[in-house]
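Structure, as structure tokens:
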Amino acid sequence: MAPISLAPLSGRYLSLAEREEIAILRAQQQGVREIARRVGRSPSTISRELRRNASTRSHWVEYRATTAQWHAERRASRPKVAKLAANKALREYVQDRLAGVITTPAGELVAGPEVGFIGRRHGHRADRRWARSWSPEQISSRLRFDFPDDESMRVSHEAIYQALYVQGRGALKRELVACLRTGRALRVPRARTRGRGKKFITSEIMISERPAEAADRAVPGHWEGDLIIGLNRSAIGTLVERTTRFTMLLRLPPMEGHGGPRAKNGPALAGHGAEAVRDAITATITTLPGQLRRSLTWDQGTEMAQHAQLRIDTGLEIYFCDPHSPWQRGTNENTNGLLRQYFPKGTDLSRHSPDDLAAVAAALNSRPRKTLRWKTPAEALDEFLYSAQQGSVATTP
């Protein structure tokens, strides 16, 4: 056995002194949680230590501090040979699931487009290599099903990523990154992706802070909003009231100069930049009485970057959905689907006049809805305004 290092370790790792204390307590028949409490470590750390580093040369499993320390130092020694580099069968399995050719149901090979590896991510709207393209997590998990009794056929998804991306651990060919779903030639650090949140959004205005009356649709006046996009970045804004499903449409015509060269840091000439959307919402929503202007929920699009000024101009409380969570604005998403009957994808939405939008909104607001017990949104909204008016008259001295 190699000599044991007595150099002090960081608090992240168990020291020889801690292992000696664990051995004594284990000999006293103490349980894992009691040992963890006395040593000052997590119970999972103690359980893992007893399982990994116990002595197995005798006829029974026995924990000894010196043996455990030797096992830990041997396991921590660097450099190590990558598992995929040392195990040919495992490497071939991973490469086949990543880059293996696809076949027809009859078993005939399908080559797909001929695409060479260019050392960087594939271009916008460009052909990509056709392959089986399993994700590293799928490969790692499937190994347990395909080789249930062969412990050598095991590899973590992180080891596969490192074999693709980390220089010096290149057991897999570099060009296989093109078979990953993202196709990135360089790995993006997780910390960088966490920092990509919209700077104009804070935790105080997330949907989790929205009042309960908005969530249960008990009180009208809470709106959901979004944009529907058409040809040449044309857009129409949509506002839907959560309780009555009443819909209002925002015309967002392109600005002068749209289609030509754009000035650096200039406004969004397509007509749905932050200022244009703010002004359109303000002009439309302020036509309603104050009791119908309680809150507005939007996704995290940059068109709402001026939400603070919008709140001042309209009195609306603004809330934002979580990223990639359209179901948090389900009413609005459903209405957008209905609107696509009038404004199909791939058509120029800027050609529609304000009268056109008013007519489409009126058509939706005059449709009976099952969720409203076959009332129309316009009737449900009128009913609320009438009851609110009667209530204010009754309380007037």
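Naming scheme: A, B, ... for chains in displayed order of the structure tokens; residues 1 onward per chain; ligands 1 onward as shown.
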Contact residues around Ala159 of chain A with only C-alpha atoms at 10 Å, ignoring same-chain residues under 5 positions, as a VMD selection string
chain A and resid 82 to 84 136 140 164 to 166 169
Shell of 7 Å around segment 67-70 of chain A, only C-alpha atoms, local chain residues under 4 positions omitted, as a ChimeraX atom specification
/A:4,16,53-55,74
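Straight-line separation from atom CA of Pro289 of chain A to atom CA of Ile205 of chain A: 23.5 Å.
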Selected residue, from A:Phe246, A:Ile228, A:Leu296, A:Val115, that lies nearest to Arg340 of chain A when counting only C-alpha atoms
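Closest to Arg340 of chain A, using only C-alpha atoms: A:Ile228.
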Expected answer as a PyMOL selection string: strand (DSSP E or B) residues in segment 113-239 of chain A:
chain A and resi 206+222-229+235-239
